[in-house]
Each structure stands twice: as C-alpha cells, then as structure tokens.
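**Q** Input structure: target21.csv, which contains CSV, C-alpha atoms.
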chain,number,residue,atom,x,y,z
S,116,MET,CA,94.2,144.4,143.5
S,117,ALA,CA,95.1,144.8,139.8
S,118,ASN,CA,98.1,147.0,138.9
S,119,ASP,CA,96.9,149.5,136.3
S,120,ASP,CA,100.5,150.5,135.6
S,121,SER,CA,101.4,147.2,133.8
S,122,ILE,CA,100.6,145.8,130.4
S,123,THR,CA,101.3,142.5,128.7
S,124,PHE,CA,102.9,142.8,125.2
S,125,VAL,CA,102.5,139.8,122.9
S,126,GLN,CA,104.5,139.5,119.7
S,127,LYS,CA,102.2,137.2,117.8
S,128,ASP,CA,104.5,136.7,114.9
S,129,LEU,CA,107.4,135.5,117.1
S,130,PRO,CA,107.0,131.8,116.4
S,131,GLY,CA,106.6,132.3,112.7
S,132,SER,CA,109.6,134.6,112.5
S,133,SER,CA,111.8,132.4,114.7
S,134,PHE,CA,111.4,129.1,113.0
S,135,PRO,CA,113.0,130.2,109.7
S,136,ILE,CA,116.0,131.2,111.9
S,137,PHE,CA,116.1,127.8,113.5
S,138,GLU,CA,115.9,126.2,110.0
S,139,GLU,CA,118.9,128.3,108.9
S,140,VAL,CA,120.9,127.4,112.0
S,141,LYS,CA,120.3,123.7,111.2
S,142,ARG,CA,121.1,124.1,107.6
S,143,VAL,CA,124.6,125.5,108.4
S,144,GLY,CA,125.1,122.9,111.1
S,145,LYS,CA,125.4,125.3,114.0
S,146,LEU,CA,124.4,124.5,117.6
S,147,CYS,CA,123.2,121.0,116.7
S,148,ASP,CA,123.3,118.6,119.6
S,149,VAL,CA,122.0,115.4,118.2
S,150,THR,CA,122.7,113.2,115.1
S,151,LEU,CA,120.0,110.9,113.7
S,152,LYS,CA,121.5,108.0,111.7
S,153,VAL,CA,119.6,105.9,109.2
S,154,GLU,CA,121.5,103.3,107.2
S,155,ASP,CA,124.7,105.2,106.1
S,156,ARG,CA,123.2,108.7,106.3
S,157,CYS,CA,123.4,111.2,109.2
S,158,PHE,CA,121.1,114.1,109.9
S,159,TYR,CA,122.0,116.9,112.4
S,160,ALA,CA,119.3,118.6,114.5
S,161,HIS,CA,118.5,120.2,117.8
S,162,ARG,CA,116.8,118.2,120.6
S,163,ILE,CA,114.7,121.1,121.6
S,164,ILE,CA,113.2,121.5,118.1
S,165,LEU,CA,112.6,117.8,117.7
S,166,ALA,CA,111.1,117.5,121.1
S,167,GLY,CA,108.8,120.5,120.5
S,168,THR,CA,107.5,119.4,117.1
S,169,ILE,CA,107.7,115.6,116.9
S,170,PRO,CA,105.8,113.6,119.6
S,171,TYR,CA,108.2,110.5,119.2
S,172,PHE,CA,111.2,112.6,120.1
S,173,HIS,CA,109.3,114.5,122.8
S,174,ALA,CA,108.7,111.2,124.5
S,175,MET,CA,112.3,110.1,123.9
S,176,PHE,CA,114.0,113.2,125.3
S,177,MET,CA,111.6,114.0,128.1
S,178,HIS,CA,111.3,110.6,129.7
S,179,ASP,CA,114.9,109.7,130.5
S,180,MET,CA,115.2,107.1,127.8
S,181,VAL,CA,118.7,105.9,127.0
S,182,GLU,CA,118.7,107.9,123.7
S,183,SER,CA,117.9,111.2,125.6
S,184,THR,CA,121.6,111.6,126.4
S,185,GLN,CA,123.1,110.0,123.3
S,186,GLU,CA,124.8,112.3,120.8
S,187,GLU,CA,124.0,109.8,118.0
S,188,ILE,CA,120.7,108.0,117.7
S,189,THR,CA,120.1,105.2,115.2
S,190,ILE,CA,116.7,104.8,113.7
S,191,LYS,CA,115.9,101.7,111.6
S,192,GLU,CA,112.2,102.0,111.0
S,193,ILE,CA,112.2,104.9,108.6
S,194,ASP,CA,113.5,105.4,105.1
S,195,PRO,CA,116.3,107.9,105.1
S,196,ASP,CA,114.8,110.2,102.5
S,197,ALA,CA,111.5,110.2,104.4
S,198,LEU,CA,113.3,111.0,107.7
S,199,GLU,CA,115.1,113.9,106.1
S,200,LEU,CA,111.8,115.3,104.9
S,201,LEU,CA,110.2,114.9,108.3
S,202,ILE,CA,113.1,116.6,110.1
S,203,ASN,CA,112.8,119.5,107.7
S,204,PHE,CA,109.1,119.5,108.4
S,205,ALA,CA,109.9,119.9,112.1
S,206,TYR,CA,111.7,123.2,111.3
S,207,SER,CA,109.4,124.5,108.6
S,208,GLY,CA,106.0,123.0,109.0
S,209,LYS,CA,106.1,122.1,105.3
S,210,VAL,CA,106.5,118.8,103.4
S,211,VAL,CA,106.0,118.0,99.7
S,212,ILE,CA,104.0,114.8,99.3
S,213,SER,CA,104.3,113.0,95.9
S,214,THR,CA,103.5,109.7,94.4
S,215,SER,CA,107.1,108.7,94.7
S,216,ASN,CA,107.4,109.4,98.5
S,217,VAL,CA,103.9,109.1,99.9
S,218,GLN,CA,104.3,105.5,101.1
S,219,SER,CA,107.6,106.1,102.9
S,220,LEU,CA,106.3,109.4,104.3
S,221,LEU,CA,103.2,107.7,105.6
S,222,VAL,CA,105.3,105.0,107.3
S,223,GLY,CA,107.6,107.6,108.8
S,224,ALA,CA,104.9,110.0,110.0
S,225,SER,CA,103.0,107.0,111.6
S,226,PHE,CA,106.2,106.0,113.4
S,227,LEU,CA,107.0,109.5,114.6
S,228,GLN,CA,103.4,110.1,115.6
S,229,LEU,CA,103.1,113.1,113.2
S,230,ILE,CA,99.3,112.7,113.0
S,231,LYS,CA,98.6,115.7,110.7
S,232,VAL,CA,101.3,114.6,108.2
S,233,ARG,CA,100.0,111.0,108.3
S,234,ASP,CA,96.4,112.3,107.6
S,235,ALA,CA,97.7,114.5,104.7
S,236,CYS,CA,99.4,111.4,103.2
S,237,CYS,CA,96.1,109.4,103.6
S,238,ASP,CA,94.1,112.2,101.9
S,239,PHE,CA,96.7,112.3,99.1
S,240,LEU,CA,96.2,108.5,98.5
S,241,LYS,CA,92.4,108.7,98.8
S,242,LYS,CA,92.3,111.1,95.8
S,243,ARG,CA,94.4,108.7,93.8
S,244,LEU,CA,92.6,105.5,94.3
S,245,HIS,CA,92.3,103.4,91.2
S,246,PRO,CA,91.0,99.8,90.4
S,247,ASN,CA,94.6,98.8,89.9
S,248,ASN,CA,96.0,100.1,93.2
S,249,VAL,CA,93.1,100.2,95.7
S,250,LEU,CA,93.7,96.7,97.1
S,251,GLY,CA,97.4,97.4,97.7
S,252,VAL,CA,96.6,100.7,99.3
S,253,GLN,CA,94.1,99.0,101.6
S,254,SER,CA,96.6,96.4,102.7
S,255,PHE,CA,99.2,99.1,103.3
S,256,ALA,CA,96.8,101.3,105.2
S,257,ASP,CA,95.6,98.4,107.3
S,258,ALA,CA,99.1,97.4,108.3
S,259,LEU,CA,99.7,101.0,109.6
S,260,GLY,CA,96.4,101.3,111.3
S,261,CYS,CA,95.1,104.2,109.1
S,262,THR,CA,91.4,103.6,109.7
S,263,THR,CA,90.0,106.4,107.6
S,264,LEU,CA,92.1,105.3,104.6
S,265,VAL,CA,91.0,101.7,105.0
S,266,GLU,CA,87.4,102.8,105.1
S,267,ALA,CA,87.9,104.9,102.0
S,268,THR,CA,89.4,101.9,100.1
S,269,ASN,CA,86.5,99.7,101.2
S,270,ARG,CA,84.0,102.2,99.8
S,271,TYR,CA,85.9,102.4,96.6
S,272,ILE,CA,86.1,98.6,96.2
S,273,GLN,CA,82.4,98.3,96.7
S,274,MET,CA,81.6,101.1,94.3
S,275,TYR,CA,83.9,99.9,91.5
S,276,PHE,CA,83.9,96.1,92.2
S,277,THR,CA,83.7,95.0,88.6
S,278,GLU,CA,86.7,97.2,87.6
S,279,VAL,CA,88.7,96.1,90.7
S,280,ALA,CA,87.9,92.4,90.0
S,281,ARG,CA,89.8,92.8,86.7
S,282,SER,CA,93.0,94.0,88.3
S,283,GLU,CA,96.2,92.0,89.0
S,284,GLU,CA,95.9,92.8,92.7
S,285,PHE,CA,92.5,91.1,92.8
S,286,LEU,CA,94.0,88.0,91.3
S,287,ASN,CA,96.7,87.9,94.0
S,288,LEU,CA,94.3,88.3,96.9
S,289,ARG,CA,94.4,85.6,99.7
S,290,PHE,CA,91.3,83.4,100.1
S,291,ASP,CA,90.1,85.2,103.2
S,292,GLU,CA,90.4,88.6,101.5
S,293,ILE,CA,88.4,87.7,98.4
S,294,LYS,CA,85.8,85.9,100.5
S,295,ASP,CA,85.4,89.1,102.6
S,296,ILE,CA,84.8,91.2,99.5
S,297,VAL,CA,82.4,89.0,97.6
S,298,SER,CA,80.3,88.5,100.8
S,299,ARG,CA,79.5,92.2,101.1
S,300,ASP,CA,75.9,93.4,100.7
S,301,GLU,CA,77.3,96.8,99.5
S,302,LEU,CA,78.8,95.8,96.2
S,303,HIS,CA,77.7,98.0,93.3
S,304,ILE,CA,76.9,95.6,90.5
S,305,THR,CA,74.5,95.4,87.6
S,306,SER,CA,74.0,91.6,88.2
S,307,GLU,CA,75.2,88.8,90.4
S,308,GLU,CA,76.9,87.3,87.3
S,309,GLN,CA,79.7,89.8,87.9
S,310,VAL,CA,80.4,88.3,91.3
S,311,PHE,CA,80.3,84.8,90.1
S,312,GLU,CA,82.7,85.5,87.2
S,313,ALA,CA,85.1,87.3,89.5
S,314,VAL,CA,85.2,84.3,91.8
S,315,LEU,CA,85.7,81.9,88.9
S,316,THR,CA,88.5,84.1,87.4
S,317,TRP,CA,90.3,84.2,90.8
S,318,VAL,CA,90.1,80.4,91.2
S,319,LYS,CA,91.3,79.7,87.6
S,320,PHE,CA,94.3,82.0,88.0
S,321,ASP,CA,95.8,79.4,90.2
S,322,LEU,CA,94.1,76.0,90.0
S,323,SER,CA,95.4,75.1,93.5
S,324,ARG,CA,92.6,77.4,94.6
S,325,THR,CA,89.9,75.0,93.4
S,326,VAL,CA,89.6,73.7,96.9
S,327,HIS,CA,88.2,77.1,97.9
S,328,LEU,CA,85.5,77.3,95.2
S,329,PRO,CA,82.7,75.7,97.2
S,330,GLU,CA,83.1,78.1,100.1
S,331,LEU,CA,83.4,81.1,97.8
S,332,LEU,CA,80.3,80.1,95.9
S,333,THR,CA,78.3,80.1,99.2
S,334,GLN,CA,78.9,83.9,99.2
S,335,VAL,CA,77.6,84.3,95.6
S,336,ARG,CA,73.8,84.9,95.5
S,337,MET,CA,73.3,82.1,92.9
S,338,PRO,CA,69.5,82.1,93.1
S,339,LEU,CA,69.7,85.6,91.8
S,340,LEU,CA,71.4,84.5,88.6
S,341,THR,CA,69.0,84.1,85.6
S,342,PRO,CA,67.9,80.6,84.6
S,343,GLN,CA,69.6,81.1,81.3
S,344,TYR,CA,72.9,82.0,82.9
S,345,LEU,CA,72.6,79.1,85.3
S,346,THR,CA,72.0,76.7,82.4
S,347,ASP,CA,74.5,78.1,79.9
S,348,HIS,CA,77.4,79.1,82.1
S,349,VAL,CA,77.2,77.7,85.6
S,350,ALA,CA,76.0,74.2,84.9
S,351,THR,CA,78.4,73.7,82.1
S,352,GLU,CA,81.5,74.9,84.1
S,353,GLU,CA,83.8,71.9,84.7
S,354,LEU,CA,84.9,73.1,88.1
S,355,ILE,CA,81.2,73.2,89.1
S,356,ARG,CA,80.3,69.8,87.6
S,357,THR,CA,83.2,68.0,89.4
S,358,SER,CA,82.3,69.4,92.9
S,359,HIS,CA,79.4,67.9,94.9
S,360,GLN,CA,79.2,71.0,97.1
S,361,CYS,CA,79.1,73.3,94.0
S,362,ARG,CA,76.4,71.2,92.4
S,363,ASP,CA,74.3,71.4,95.6
S,364,LEU,CA,74.5,75.2,95.4
S,365,LEU,CA,73.5,75.1,91.7
S,366,ASP,CA,70.5,72.9,92.5
S,367,GLU,CA,69.4,75.3,95.2
S,368,ALA,CA,69.5,78.1,92.7
S,369,LYS,CA,67.5,76.0,90.1
S,370,ASP,CA,64.9,75.1,92.7
S,371,TYR,CA,64.5,78.8,93.5
S,372,HIS,CA,63.5,79.4,89.9
S,373,LEU,CA,61.6,76.1,89.2
S,374,MET,CA,59.4,76.2,92.3
S,375,PRO,CA,58.4,79.8,93.0
S,376,GLU,CA,55.7,78.6,95.4
S,377,ARG,CA,58.5,77.3,97.7
S,378,ARG,CA,60.5,80.4,97.7
S,379,PRO,CA,59.4,81.4,101.2
S,380,LEU,CA,61.0,78.2,102.4
S,381,LEU,CA,64.2,78.9,100.5
S,382,GLN,CA,64.9,82.3,101.9
S,383,SER,CA,68.5,83.0,102.9
S,384,PHE,CA,71.1,85.8,102.4
S,385,ARG,CA,71.7,84.2,99.0
S,386,THR,CA,68.2,85.1,97.9
S,387,ARG,CA,68.5,88.7,99.1
S,388,PRO,CA,69.7,91.2,96.5
S,389,ARG,CA,72.7,93.2,97.4
S,390,CYS,CA,71.7,96.6,98.7
S,391,CYS,CA,73.6,98.7,96.2
S,392,PRO,CA,72.9,97.6,92.6
S,393,ASP,CA,74.6,99.9,90.1
S,394,ILE,CA,71.5,101.2,88.4
S,395,ILE,CA,71.2,104.4,86.5
S,396,GLY,CA,67.7,105.5,85.4
S,397,CYS,CA,64.2,106.0,86.7
S,398,ILE,CA,62.2,104.1,89.3
S,399,TYR,CA,58.5,104.1,88.9
S,400,ALA,CA,55.9,103.2,91.6
S,401,VAL,CA,52.5,101.9,90.6
S,402,GLY,CA,49.4,102.5,92.6
S,403,GLY,CA,46.5,104.8,93.4
S,404,LEU,CA,43.7,102.8,91.9
S,405,THR,CA,40.9,105.1,90.7
S,406,LYS,CA,37.5,104.3,89.2
S,407,SER,CA,38.8,104.4,85.7
S,408,ALA,CA,42.4,103.1,85.8
S,409,VAL,CA,45.5,102.4,87.8
S,410,SER,CA,47.7,105.5,88.0
S,411,SER,CA,51.4,105.6,88.1
S,412,PHE,CA,53.8,108.3,89.1
S,413,HIS,CA,57.5,109.0,88.7
S,414,VAL,CA,59.4,108.6,92.0
S,415,SER,CA,63.1,109.4,91.5
S,416,ILE,CA,66.2,109.3,89.3
S,417,LEU,CA,69.3,107.5,90.6
S,418,ASN,CA,72.6,108.9,89.5
S,419,ILE,CA,75.1,106.4,90.7
S,420,PRO,CA,78.6,106.9,89.1
S,421,SER,CA,79.6,104.0,86.9
S,422,LYS,CA,83.2,105.0,86.2
S,423,PRO,CA,86.1,105.0,88.6
S,424,TRP,CA,88.0,108.1,89.6
S,425,SER,CA,91.0,108.8,87.4
S,426,ILE,CA,94.5,109.5,88.7
Please lay out the structure from this file as structure tokens.

**A**
Amino acid sequence: MANDDSITFVQKDLPGSSFPIFEEVKRVGKLCDVTLKVEDRCFYAHRIILAGTIPYFHAMFMHDMVESTQEEITIKEIDPDALELLINFAYSGKVVISTSNVQSLLVGASFLQLIKVRDACCDFLKKRLHPNNVLGVQSFADALGCTTLVEATNRYIQMYFTEVARSEEFLNLRFDEIKDIVSRDELHITSEEQVFEAVLTWVKFDLSRTVHLPELLTQVRMPLLTPQYLTDHVATEELIRTSHQCRDLLDEAKDYHLMPERRPLLQSFRTRPRCCPDIIGCIYAVGGLTKSAVSSFHVSILNIPSKPWSI
C-alpha cells in the first residue's frame, strides 16, 4: 500500500552545479588520488570522475586491472596536450576543437572511447575537406576506424576527382589506392580523358611505377575516349607504345569506334559510362510521335556542384 505521507524530491540541477566544483577541486590539486603521466608531463585527477566520464578509465578502475590501484599511471598512446584537454573535458563537458589539435584529439578520443568527442572531431574534419587534404584525412580516419569520416572522404573524392587528382597527396598514393579510386563508377567527371590523364600523371611522377600502367589502364574506360583523343594523345604516348598490354587496350578502344556493328560483342565495364558524370544543364527526351511531327519535352535540370568546398 502506497504511503501518501512521503514525497521524492529531485534537484535536477545537482549534476550541473556539482561538476564546476569538481573542476575547481582538481584545478587547485585537492583530493586527487591518481596521476596520469605522458612523456614528461603529469596530470592530477580523481578516479571517480574519470571512471564516471571516460569509458577507458571506467574499465580500468572497475575491473581490477593493475592500474586500478596504482597512484601513477603512464599512458603512451595519447599526445600530452590532447590528454590534458580530454581530462578537462571529463570535468567540464567542453573541449575546443581546432585545426591544430583535431588530429591528436581524434586519436585520444578514440583511444579513451569518448565516442561523442570522436564524432565531433570527425564532423569538424568533414566540414574542412579540401582536394589537398582529403586523401590524408581518409588514410588517417581509416587507421582509426572512423567509418563515417571514411565514407565522407570517399564521397568527396568522387565528387571532386579532377581537383583531387592534381594534389600532391594523389601523386603519393600507393598503387592499390589509386587503382581503387580510378575503378569507381561514381567518379564525377566531364569525360574519361580526366581519368586517363590522372593515371598517366601518377605514373610519370615516379617512372618506377611504369610497371603498374597496364593494370591501371584496365580501369580506365578507354573505349569511351573520343577517336581524336585516342589518336592524338593515347597512341602517341611513349609509355603506351612501348607496352604490349597497353597497346592491346588501345586496340580494343579503336575497334569499339571503328566497328560499331560489333559493339554488342565488345561490351564490358570499360564500355559502360560512369554513373555520375559532372553535367550541368538540361536533359531533353524526344518522343511522342504525332501525325504532324515528333514532339519533344523538357525533362529536368541537373545542378551538380562543380567546385570543391572551401576551408
């Protein structure tokens, strides 16, 4: 039977009013019971606060690990400046993310399992992607397992392939990395020439890469190059002329243009246009034959951005 003479009082602002006090206590170095050491720097804190706000320390202190009773704990995986910011975050719920600290913060937040801080760092980087940094951000995000950031960089690379292909990071890609990019259906390009030229530029940046040219050209949709371009630029390229495999791919492309009646027999992914050409303008559909004439009607206007985001 319920007791009508009792009530439950809840002070809803208690957590919010208490944490500033915890932060002040830490700032003056009172009641601290653990020291976190990184390189030659030491940070004083309270186990109960760290355990309550940082999953990494919760697991450490609550599961009888050796460190759970140590007064000094050495951490090697985090930059000291980043660790200081994240300890302060544990007490205040605030952290300033900047271009100078976002990488170290992302590493530290990932290590300490601070998912919301990690996601905030990823969002910060997403908004600052640029043709000159997107490949480096992608590699960094992939190493940390930041899936959403990797996906964002992939979309950016595909949207702004031609700009990315002119970056220093592109020239320093590994073979498997550039092959993955130029094989994608989703590249936003105005013509397949842009993919061919990107591949050739990458190879010529370091001529030891010449051995990879035939395999990379299998990912270029060479039959979609114009006959004029095939004749004036591809057939005259010395690296193409001196490779039997490259010449075979060139012949395949020429046959596609010279013998249109055989095109059904030459179908492959190399004859299939990429699904996201960078086209701005109008598409017209023709049809609706009447007694007097063939009628046409306007279907749609595509507005695909042609410029990369700015920092």

**Q** Between S:Thr351, S:Asn247, S:Gln126, S:Gln360, which one has atoms that come closest to Thr333 of chain S, using all atoms listed in the file?

**A** S:Gln360

**Q** Taking (77.3, 72.8, 88.9) in the coordinates of the supplied file, I want to know which residues reach to within 12 Å of it, counting only C-alpha atoms; could you give the answer as a PyMOL selection string?

**A** chain S and resi 328-329+332+337+344-369

**Q** For a quick check of understanding, using all atoms listed in the file, which of S:His327, S:Lys242, S:His372, S:Arg387 has the smallest distance to Glu307 of chain S?

**A**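 Among the listed residues, S:Arg387 lies closest to Glu307 of chain S.
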
**Q** If you measure from atom CA of Ile193 of chain S to atom CA of Gly223 of chain S, what distance in Å do you get, rounded to one decimal?

**A**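 Pair atom CA of Ile193 of chain S / atom CA of Gly223 of chain S returns 5.3 Å.
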
**Q** Tell me, as a compact mmCIF listing (two decimals) with C-alpha atoms, keeping the file's coordinate frame, which residues lie within 9 Å of segment 310-321 of chain S, counting only C-alpha atoms; anything in the same chain fewer than 4 positions away does not count.

**A**
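Written out: part15.txt:
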# COMPACT_ATOMS: atom_id res chain seq x y z
CA PHE S 276 83.90 96.10 92.20
CA THR S 277 83.70 95.00 88.60
CA ALA S 280 87.90 92.40 90.00
CA ARG S 281 89.80 92.80 86.70
CA PHE S 285 92.50 91.10 92.80
CA LEU S 286 94.00 88.00 91.30
CA ASN S 287 96.70 87.90 94.00
CA LEU S 288 94.30 88.30 96.90
CA ILE S 293 88.40 87.70 98.40
CA LYS S 294 85.80 85.90 100.50
CA VAL S 297 82.40 89.00 97.60
CA ILE S 304 76.90 95.60 90.50
CA SER S 306 74.00 91.60 88.20
CA THR S 325 89.90 75.00 93.40
CA VAL S 326 89.60 73.70 96.90
CA HIS S 327 88.20 77.10 97.90
CA LEU S 328 85.50 77.30 95.20
CA LEU S 331 83.40 81.10 97.80
CA LEU S 332 80.30 80.10 95.90
CA VAL S 335 77.60 84.30 95.60
CA ARG S 336 73.80 84.90 95.50
CA MET S 337 73.30 82.10 92.90
CA VAL S 349 77.20 77.70 85.60
CA LEU S 354 84.90 73.10 88.10

**Q** What is the distance between atom CA of Val211 of chain S and atom CA of Phe226 of chain S, in Å to one decimal?

**A**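 Rounded to one decimal, the two atoms are 18.2 Å apart.
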
**Q** Using only C-alpha atoms, what does the table of segment 191-269 of chain S residues within 10 Å of segment 155-171 of chain S look like, with each row giving the shortest atom pair and its distance in Å to one decimal, sorted by chain and ascending number, as a tab-separated table?

**A**
residue	atom	partner	partner_atom	distance
S:Pro195	CA	S:Arg156	CA	7.0
S:Asp196	CA	S:Arg156	CA	9.3
S:Leu198	CA	S:Phe158	CA	8.7
S:Glu199	CA	S:Phe158	CA	7.1
S:Leu201	CA	S:Ile169	CA	9.0
S:Ile202	CA	S:Leu165	CA	7.7
S:Asn203	CA	S:Ala160	CA	9.4
S:Phe204	CA	S:Thr168	CA	8.8
S:Ala205	CA	S:Thr168	CA	5.6
S:Tyr206	CA	S:Ile164	CA	7.2
S:Gly208	CA	S:Thr168	CA	9.0
S:Ala224	CA	S:Ile169	CA	9.3
S:Ser225	CA	S:Tyr171	CA	9.9
S:Phe226	CA	S:Tyr171	CA	7.6
S:Leu227	CA	S:Tyr171	CA	4.9
S:Gln228	CA	S:Pro170	CA	5.8
S:Leu229	CA	S:Ile169	CA	6.4
S:Ile230	CA	S:Pro170	CA	9.3

**Q** Take the residues from that selection and write them out as a compact mmCIF listing (two decimals), keeping the file's coordinate frame, keeping C-alpha atoms.

**A**
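As written to disk, out-v3.txt reads:
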# COMPACT_ATOMS: atom_id res chain seq x y z
CA PRO S 195 116.30 107.90 105.10
CA ASP S 196 114.80 110.20 102.50
CA LEU S 198 113.30 111.00 107.70
CA GLU S 199 115.10 113.90 106.10
CA LEU S 201 110.20 114.90 108.30
CA ILE S 202 113.10 116.60 110.10
CA ASN S 203 112.80 119.50 107.70
CA PHE S 204 109.10 119.50 108.40
CA ALA S 205 109.90 119.90 112.10
CA TYR S 206 111.70 123.20 111.30
CA GLY S 208 106.00 123.00 109.00
CA ALA S 224 104.90 110.00 110.00
CA SER S 225 103.00 107.00 111.60
CA PHE S 226 106.20 106.00 113.40
CA LEU S 227 107.00 109.50 114.60
CA GLN S 228 103.40 110.10 115.60
CA LEU S 229 103.10 113.10 113.20
CA ILE S 230 99.30 112.70 113.00

**Q** If you measure from atom CA of Met175 of chain S to atom CA of Asn216 of chain S, what distance in Å do you get, rounded to one decimal?

**A**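 Pair atom CA of Met175 of chain S / atom CA of Asn216 of chain S returns 25.9 Å.
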
**Q** Tell me, as a list in words, which residues lie within 7 Å of Val153 of chain S, counting all atoms listed in the file; anything in the same chain fewer than 5 positions away does not count.

**A** Thr189, Ile190, Lys191 and Pro195 of chain S

**Q** Of the residues S:Val222, S:Leu129, S:Ile136, S:Ser213, which is the one nearest to Asp194 of chain S, using all atoms listed in the file?

**A**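 The answer is S:Val222, which sits nearest to Asp194 of chain S.
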
**Q** From the options S:Thr123, S:Ser207, S:Ser215, S:Gln334, which residue's atoms come nearest to Glu139 of chain S, counting only C-alpha atoms?

**A**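 Using only C-alpha atoms, Glu139 of chain S sits closest to S:Ser207.
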
**Q** Give me, as CSV, each residue of segment 165-190 of chain S that comes within 7 Å of segment 142-150 of chain S, together with its shortest interatomic pair and the distance in Å at one decimal, counting all atoms listed in the file, with rows ordered by chain and rising residue number.

**A**
residue,atom,partner,partner_atom,distance
S:Glu186,CA,S:Val149,CA,4.9
S:Glu187,CA,S:Thr150,CA,4.7
S:Ile188,CA,S:Thr150,CA,6.1

**Q** Need to verify the contact set: segment 268-275 of chain S, 12 Å, all atoms listed in the file, exclusion of same-chain residues closer than 5 positions in sequence. Can you return it as a PyMOL selection string?

**A** chain S and resi 237-238+240-257+261-263+280-282+284-285+292-293+295-305+309-310+389-394+419-424
